[in-house]
Amino acid sequence: MFVDSHCHLDFPDLAEREDAILAAMAEHRVGHALCVCVKVEDFPRVLALAERHAHLWASVGVHPDNAGVEEPDLARLLALADHARVVAIGETGLDYYWQKDAPEWQRERFRTHIRAARKCGKPLIIHTRSAADDTLRLMREEAAGEAGGVMHCFTESREVAEAALDLGFYISFSGIVTFKNATELKAVAQYVPLDRLLIETDAPYLAPVPHRGRTNEPAWVVHVAEEIARLRNEPLERIEIATTENFFRLFRHAQAH
Ligand SMILES: [Zn+2]
Ligand SMILES: [Zn+2]
């Protein structure tokens with residue numbers, strides 16, 4: 001069984017094809033998927049997916065790209081996270097690519113999410129883009145290692161991976177690792193210890209080769225696993241078993257069944 005550790009099944013492109021997407025998952029032996037929240041306004045739809053389907057799980061959080069949306073304080077985040085189907089806090093983090101002025105509200109929001117994760121004992125899903133130094137700095141300042149979590153859709157250097165691993169975090173690879181020009185990232189995928197590796201689609205974005213450019217979906221996480229197996233010169237089954245075990249070890253509020 002494979003697990004897609006990060007997707008957005010509540011987004012309109014995917015939500016309208018829910019039955020077909022779940023059927024494709026079953027066909028490709030993708031047994032579970034974590035539906036990741038990007039703003040509080042969307043949380044009811046994310047949670048509803050996890051309540052309808054025993055093999056879908058939910059997170060709660062506000063993505064660093066989202067300006068002008070509800071800004072939950074610590075108490076509000078904790079209240080939303082207090083649900084058996086919610087297994088993680090995020091996605092959260094810093095993104096200076098889309099917010100080039102590197103606003104303070106992003107860092108405040110990130111700090112609040114780290115505090116919530118520590119308080120409720122659910123791990124963090126961290127998004128970082130063009131902001132690796134500040135992301136790691138805030139993780140250290142707020143003791144994010146106490147909550148643990150994953151650096152999702154990892155695209156940073158080996159040094160950043162090393163720093164995140166030192167903080168006890170997992171590293172998750174998306175379809176980007178299958179792209180021909182992702183030379184540096186492929187090397188990182190060879191380096192991360194097998195017991196810290198996760199796979200994801202980030203669907204509907206970033207469809208892996210051979211579906212590149214199309215609307216991504218959880219079934220295609222298998223192609224991410226195939227590429228990692230190829231890069232590491234290991235049997236696919238080994239990557240399948242390890243990434244699934246890692247998922248349920250990290251997101252310990254989710255149960256395999
Ligand atoms: Zn992200
Ligand atoms: Zn995402």
# chains A, B, ... in the order shown; residues from 1 in each chain; ligands from 1
>>> residues_around(residues="A:Ala67", least_positions_apart="3", cutoff="10 Å", atoms="only C-alpha atoms", output="number ranges by chain")
A: 39, 62-64, 70-71, 99, 105-106
>>> residues_near_ligand(ligand="ligand 2", cutoff="8 Å", atoms="only C-alpha atoms and all ligand atoms", output="list of chain:residue names")
A:His6, A:Cys7, A:His8, A:Val36, A:Cys37, A:Val38, A:Glu91, A:His127, A:His152, A:Cys153, A:Asp202, A:Ala203
>>> write_last_selection(atoms="N, CA, C and O atoms", output="PDB file, in the first residue's frame")
ATOM      1  N   HIS A   6       0.191  14.232   1.096  1.00  0.00           N
ATOM      2  CA  HIS A   6      -0.180  15.648   0.953  1.00  0.00           C
ATOM      3  C   HIS A   6      -0.937  15.870  -0.362  1.00  0.00           C
ATOM      4  O   HIS A   6      -0.369  15.729  -1.440  1.00  0.00           O
ATOM      5  N   CYS A   7      -2.228  16.179  -0.235  1.00  0.00           N
ATOM      6  CA  CYS A   7      -3.016  16.519  -1.430  1.00  0.00           C
ATOM      7  C   CYS A   7      -4.137  17.464  -1.020  1.00  0.00           C
ATOM      8  O   CYS A   7      -4.379  17.679   0.164  1.00  0.00           O
ATOM      9  N   HIS A   8      -4.786  18.035  -2.031  1.00  0.00           N
ATOM     10  CA  HIS A   8      -5.843  19.029  -1.803  1.00  0.00           C
ATOM     11  C   HIS A   8      -7.112  18.573  -2.516  1.00  0.00           C
ATOM     12  O   HIS A   8      -7.523  19.164  -3.518  1.00  0.00           O
ATOM     13  N   VAL A  36      -4.916  18.281   2.903  1.00  0.00           N
ATOM     14  CA  VAL A  36      -4.263  19.377   3.614  1.00  0.00           C
ATOM     15  C   VAL A  36      -5.031  20.682   3.426  1.00  0.00           C
ATOM     16  O   VAL A  36      -5.346  21.077   2.306  1.00  0.00           O
ATOM     17  N   CYS A  37      -5.286  21.324   4.554  1.00  0.00           N
ATOM     18  CA  CYS A  37      -6.049  22.576   4.592  1.00  0.00           C
ATOM     19  C   CYS A  37      -5.121  23.762   4.291  1.00  0.00           C
ATOM     20  O   CYS A  37      -3.981  23.796   4.762  1.00  0.00           O
ATOM     21  N   VAL A  38      -5.598  24.741   3.511  1.00  0.00           N
ATOM     22  CA  VAL A  38      -4.791  25.936   3.211  1.00  0.00           C
ATOM     23  C   VAL A  38      -5.415  27.219   3.738  1.00  0.00           C
ATOM     24  O   VAL A  38      -4.776  28.262   3.734  1.00  0.00           O
ATOM     25  N   GLU A  91      -1.256  23.361   5.991  1.00  0.00           N
ATOM     26  CA  GLU A  91       0.139  23.603   5.820  1.00  0.00           C
ATOM     27  C   GLU A  91       0.468  25.013   6.215  1.00  0.00           C
ATOM     28  O   GLU A  91      -0.297  25.955   5.985  1.00  0.00           O
ATOM     29  N   HIS A 127       5.624  24.155   4.656  1.00  0.00           N
ATOM     30  CA  HIS A 127       5.855  24.603   3.277  1.00  0.00           C
ATOM     31  C   HIS A 127       6.912  25.692   3.344  1.00  0.00           C
ATOM     32  O   HIS A 127       6.778  26.638   4.115  1.00  0.00           O
ATOM     33  N   HIS A 152       7.262  19.532   3.473  1.00  0.00           N
ATOM     34  CA  HIS A 152       6.503  18.968   2.363  1.00  0.00           C
ATOM     35  C   HIS A 152       6.973  19.533   1.027  1.00  0.00           C
ATOM     36  O   HIS A 152       7.517  20.628   0.969  1.00  0.00           O
ATOM     37  N   CYS A 153       6.755  18.753  -0.031  1.00  0.00           N
ATOM     38  CA  CYS A 153       7.137  19.140  -1.397  1.00  0.00           C
ATOM     39  C   CYS A 153       8.551  19.731  -1.399  1.00  0.00           C
ATOM     40  O   CYS A 153       8.781  20.838  -1.866  1.00  0.00           O
ATOM     41  N   ASP A 202       0.816  16.580  -3.753  1.00  0.00           N
ATOM     42  CA  ASP A 202       0.411  17.987  -3.726  1.00  0.00           C
ATOM     43  C   ASP A 202      -0.650  18.254  -4.796  1.00  0.00           C
ATOM     44  O   ASP A 202      -0.747  19.361  -5.325  1.00  0.00           O
ATOM     45  N   ALA A 203      -1.411  17.208  -5.136  1.00  0.00           N
ATOM     46  CA  ALA A 203      -2.489  17.346  -6.125  1.00  0.00           C
ATOM     47  C   ALA A 203      -3.443  18.466  -5.696  1.00  0.00           C
ATOM     48  O   ALA A 203      -3.689  18.616  -4.503  1.00  0.00           O
TER      49      ALA A 203
END
>>> atom_distance(atom1="atom CA of A:Ala161", atom2="atom CA of A:Glu108")
23.3 Å
>>> residues_around(residues="A:Ala102", least_positions_apart="4", cutoff="12 Å", atoms="only C-alpha atoms", output="list in words")
Pro64, Asp65, Gly93, Leu94, Asp95, Tyr96, Tyr97, Trp98, Gln106, Arg107, Glu108, Arg129, Ser130, Ala131, Asp134 and Thr135 of chain A
>>> write_last_selection(atoms="N, CA and C atoms", output="CSV table (one decimal), in the first residue's frame")
chain,number,residue,atom,x,y,z
A,64,PRO,N,1.0,30.0,3.9
A,64,PRO,CA,1.7,31.3,3.9
A,64,PRO,C,1.4,32.2,2.7
A,65,ASP,N,0.9,31.6,1.6
A,65,ASP,CA,0.6,32.4,0.5
A,65,ASP,C,-0.7,33.2,0.7
A,93,GLY,N,4.2,27.7,7.2
A,93,GLY,CA,5.6,27.9,6.9
A,93,GLY,C,5.8,29.3,6.3
A,94,LEU,N,6.8,29.4,5.4
A,94,LEU,CA,7.1,30.7,4.8
A,94,LEU,C,7.2,30.6,3.3
A,95,ASP,N,6.8,31.6,2.6
A,95,ASP,CA,6.9,31.6,1.2
A,95,ASP,C,7.2,33.0,0.7
A,96,TYR,N,8.5,33.3,0.5
A,96,TYR,CA,8.9,34.6,0.0
A,96,TYR,C,8.9,34.7,-1.5
A,97,TYR,N,8.6,33.6,-2.2
A,97,TYR,CA,8.5,33.6,-3.6
A,97,TYR,C,7.3,34.4,-4.1
A,98,TRP,N,6.1,34.1,-3.5
A,98,TRP,CA,4.9,34.7,-3.9
A,98,TRP,C,4.7,36.0,-3.1
A,106,GLN,N,3.5,36.7,7.9
A,106,GLN,CA,3.8,35.3,7.6
A,106,GLN,C,4.5,34.6,8.7
A,107,ARG,N,5.5,35.3,9.3
A,107,ARG,CA,6.3,34.7,10.4
A,107,ARG,C,5.5,34.6,11.6
A,108,GLU,N,4.6,35.6,11.9
A,108,GLU,CA,3.7,35.5,13.1
A,108,GLU,C,2.8,34.3,13.0
A,129,ARG,N,9.4,28.1,0.7
A,129,ARG,CA,9.9,28.5,-0.7
A,129,ARG,C,10.6,29.8,-0.6
A,130,SER,N,11.8,29.8,-1.1
A,130,SER,CA,12.6,31.0,-1.1
A,130,SER,C,12.7,31.6,0.2
A,131,ALA,N,12.7,30.8,1.3
A,131,ALA,CA,12.7,31.3,2.6
A,131,ALA,C,13.3,30.3,3.6
A,134,ASP,N,15.0,31.6,7.1
A,134,ASP,CA,14.0,32.0,8.1
A,134,ASP,C,13.1,30.9,8.6
A,135,THR,N,12.8,30.0,7.7
A,135,THR,CA,12.0,28.8,8.1
A,135,THR,C,12.7,28.0,9.2
>>> closest_residue(among="A:Ile176, A:Met25, A:Met151, A:Ala79", to="ligand 1", atoms="only C-alpha atoms and all ligand atoms")
A:Met151
>>> closest_residue(among="A:Val192, A:Val150, A:Met1, A:Leu198", to="ligand 1", atoms="only C-alpha atoms and all ligand atoms")
A:Val150
>>> select_by_dssp(residues="stretch 23-157 of chain A", states="strand (DSSP E or B)", output="VMD selection string")
chain A and resid 30 to 35 56 to 60 86 to 95 124 to 129 149 to 151
>>> write_last_selection(atoms="N, CA and C atoms", output="tab-separated table (two decimals), in the first residue's frame")
chain	number	residue	atom	x	y	z
A	30	VAL	N	-3.16	2.98	-3.59
A	30	VAL	CA	-2.88	4.13	-2.73
A	30	VAL	C	-3.96	4.11	-1.65
A	31	GLY	N	-3.58	3.55	-0.49
A	31	GLY	CA	-4.56	3.19	0.51
A	31	GLY	C	-5.06	4.33	1.38
A	32	HIS	N	-4.23	5.37	1.52
A	32	HIS	CA	-4.60	6.51	2.35
A	32	HIS	C	-4.09	7.80	1.71
A	33	ALA	N	-4.74	8.92	2.06
A	33	ALA	CA	-4.26	10.23	1.62
A	33	ALA	C	-4.59	11.25	2.70
A	34	LEU	N	-3.66	12.19	2.87
A	34	LEU	CA	-3.86	13.28	3.84
A	34	LEU	C	-4.31	14.53	3.08
A	35	CYS	N	-5.51	14.99	3.39
A	35	CYS	CA	-6.09	16.18	2.74
A	35	CYS	C	-5.68	17.41	3.55
A	56	LEU	N	-9.20	8.71	4.28
A	56	LEU	CA	-8.74	10.10	4.07
A	56	LEU	C	-8.60	10.76	5.44
A	57	TRP	N	-7.56	11.57	5.58
A	57	TRP	CA	-7.30	12.28	6.83
A	57	TRP	C	-7.21	13.77	6.56
A	58	ALA	N	-7.36	14.58	7.60
A	58	ALA	CA	-7.38	16.04	7.43
A	58	ALA	C	-6.30	16.71	8.26
A	59	SER	N	-5.90	17.91	7.80
A	59	SER	CA	-5.06	18.79	8.62
A	59	SER	C	-5.82	20.10	8.76
A	60	VAL	N	-5.30	20.98	9.61
A	60	VAL	CA	-5.88	22.33	9.70
A	60	VAL	C	-4.75	23.34	9.77
A	86	VAL	N	-8.47	14.94	12.41
A	86	VAL	CA	-7.41	15.91	12.12
A	86	VAL	C	-6.11	15.38	12.71
A	87	VAL	N	-5.14	15.11	11.83
A	87	VAL	CA	-3.92	14.44	12.26
A	87	VAL	C	-2.68	15.32	12.18
A	88	ALA	N	-2.83	16.57	11.70
A	88	ALA	CA	-1.66	17.43	11.53
A	88	ALA	C	-2.06	18.90	11.52
A	89	ILE	N	-1.06	19.76	11.77
A	89	ILE	CA	-1.23	21.21	11.72
A	89	ILE	C	-0.52	21.73	10.47
A	90	GLY	N	-1.24	22.40	9.60
A	90	GLY	CA	-0.64	22.95	8.38
A	90	GLY	C	-1.63	22.89	7.22
A	91	GLU	N	-1.26	23.36	5.99
A	91	GLU	CA	0.14	23.60	5.82
A	91	GLU	C	0.47	25.01	6.21
A	92	THR	N	1.67	25.12	6.81
A	92	THR	CA	2.15	26.38	7.34
A	92	THR	C	3.60	26.54	6.91
A	93	GLY	N	4.20	27.67	7.25
A	93	GLY	CA	5.59	27.89	6.86
A	93	GLY	C	5.78	29.28	6.31
A	94	LEU	N	6.76	29.42	5.42
A	94	LEU	CA	7.09	30.73	4.85
A	94	LEU	C	7.24	30.59	3.34
A	95	ASP	N	6.75	31.58	2.60
A	95	ASP	CA	6.88	31.59	1.15
A	95	ASP	C	7.19	33.01	0.70
A	124	LEU	N	3.62	18.97	12.36
A	124	LEU	CA	3.52	20.10	11.44
A	124	LEU	C	3.74	19.66	9.99
A	125	ILE	N	2.97	20.28	9.09
A	125	ILE	CA	3.24	20.16	7.65
A	125	ILE	C	3.80	21.51	7.21
A	126	ILE	N	5.09	21.52	6.87
A	126	ILE	CA	5.77	22.80	6.61
A	126	ILE	C	6.06	22.99	5.13
A	127	HIS	N	5.62	24.16	4.66
A	127	HIS	CA	5.85	24.60	3.28
A	127	HIS	C	6.91	25.69	3.34
A	128	THR	N	7.98	25.56	2.55
A	128	THR	CA	8.98	26.62	2.50
A	128	THR	C	9.41	26.85	1.06
A	129	ARG	N	9.43	28.12	0.68
A	129	ARG	CA	9.87	28.45	-0.68
A	129	ARG	C	10.59	29.79	-0.64
A	149	GLY	N	7.32	16.79	12.42
A	149	GLY	CA	6.54	17.08	11.23
A	149	GLY	C	7.31	16.77	9.97
A	150	VAL	N	6.86	17.37	8.89
A	150	VAL	CA	7.41	17.08	7.57
A	150	VAL	C	7.68	18.38	6.81
A	151	MET	N	8.79	18.39	6.08
A	151	MET	CA	9.06	19.44	5.11
A	151	MET	C	8.42	18.96	3.81
>>> select_by_dssp(residues="stretch 16-254 of chain A", states="helix (DSSP H, G or I)", output="number ranges by chain")
A: 18-27, 40-52, 74-81, 104-120, 132-141, 144-146, 158-166, 175-178, 183-191, 194-196, 218-232, 236-250
>>> residues_around(residues="stretch 114-122 of chain A", least_positions_apart="3", cutoff="9 Å", atoms="only C-alpha atoms", output="ChimeraX atom specification")
/A:74-75,77-78,81-82,86-90,92,109-111,138-139,142-149,250-253
>>> residues_around(residues="A:Ser174", least_positions_apart="6", cutoff="12 Å", atoms="only C-alpha atoms", output="MDAnalysis selection string")
chainID A and resid 4:7 151:155 182 185:186 189 197:209 212 216:218 220:228
>>> write_last_selection(atoms="C-alpha atoms", output="mmCIF file, in the first residue's frame")
data_model
loop_
_atom_site.group_PDB
_atom_site.id
_atom_site.type_symbol
_atom_site.label_atom_id
_atom_site.label_comp_id
_atom_site.auth_asym_id
_atom_site.auth_seq_id
_atom_site.Cartn_x
_atom_site.Cartn_y
_atom_site.Cartn_z
ATOM 1 C CA ASP A 4 -0.192 10.197 -0.478
ATOM 2 C CA SER A 5 1.007 12.332 2.442
ATOM 3 C CA HIS A 6 -0.180 15.648 0.953
ATOM 4 C CA CYS A 7 -3.016 16.519 -1.430
ATOM 5 C CA MET A 151 9.057 19.445 5.111
ATOM 6 C CA HIS A 152 6.503 18.968 2.363
ATOM 7 C CA CYS A 153 7.137 19.140 -1.397
ATOM 8 C CA PHE A 154 10.819 19.458 -0.653
ATOM 9 C CA THR A 155 12.789 21.485 -3.234
ATOM 10 C CA ALA A 182 15.656 18.325 -11.003
ATOM 11 C CA LEU A 185 16.710 17.339 -5.829
ATOM 12 C CA LYS A 186 17.313 13.821 -7.158
ATOM 13 C CA ALA A 189 16.279 11.955 -2.590
ATOM 14 C CA LEU A 197 11.221 9.667 3.680
ATOM 15 C CA LEU A 198 7.650 10.512 2.653
ATOM 16 C CA ILE A 199 5.953 10.756 -0.737
ATOM 17 C CA GLU A 200 3.156 13.062 -1.856
ATOM 18 C CA THR A 201 1.402 14.468 -4.894
ATOM 19 C CA ASP A 202 0.411 17.987 -3.726
ATOM 20 C CA ALA A 203 -2.489 17.346 -6.125
ATOM 21 C CA PRO A 204 -3.939 19.082 -8.094
ATOM 22 C CA TYR A 205 -0.463 20.572 -8.700
ATOM 23 C CA LEU A 206 2.841 19.106 -9.873
ATOM 24 C CA ALA A 207 1.757 15.930 -11.670
ATOM 25 C CA PRO A 208 4.723 13.545 -11.940
ATOM 26 C CA VAL A 209 6.178 12.243 -15.177
ATOM 27 C CA ARG A 212 3.396 16.128 -16.186
ATOM 28 C CA ASN A 216 -2.534 15.688 -10.490
ATOM 29 C CA GLU A 217 -4.299 13.148 -8.259
ATOM 30 C CA PRO A 218 -3.303 10.839 -5.358
ATOM 31 C CA TRP A 220 -0.069 9.094 -9.212
ATOM 32 C CA VAL A 221 1.995 9.157 -6.020
ATOM 33 C CA VAL A 222 3.141 5.737 -7.215
ATOM 34 C CA HIS A 223 5.261 7.472 -9.880
ATOM 35 C CA VAL A 224 7.041 9.467 -7.181
ATOM 36 C CA ALA A 225 7.818 6.229 -5.341
ATOM 37 C CA GLU A 226 9.043 4.610 -8.575
ATOM 38 C CA GLU A 227 11.460 7.449 -9.262
ATOM 39 C CA ILE A 228 12.826 7.388 -5.700
#
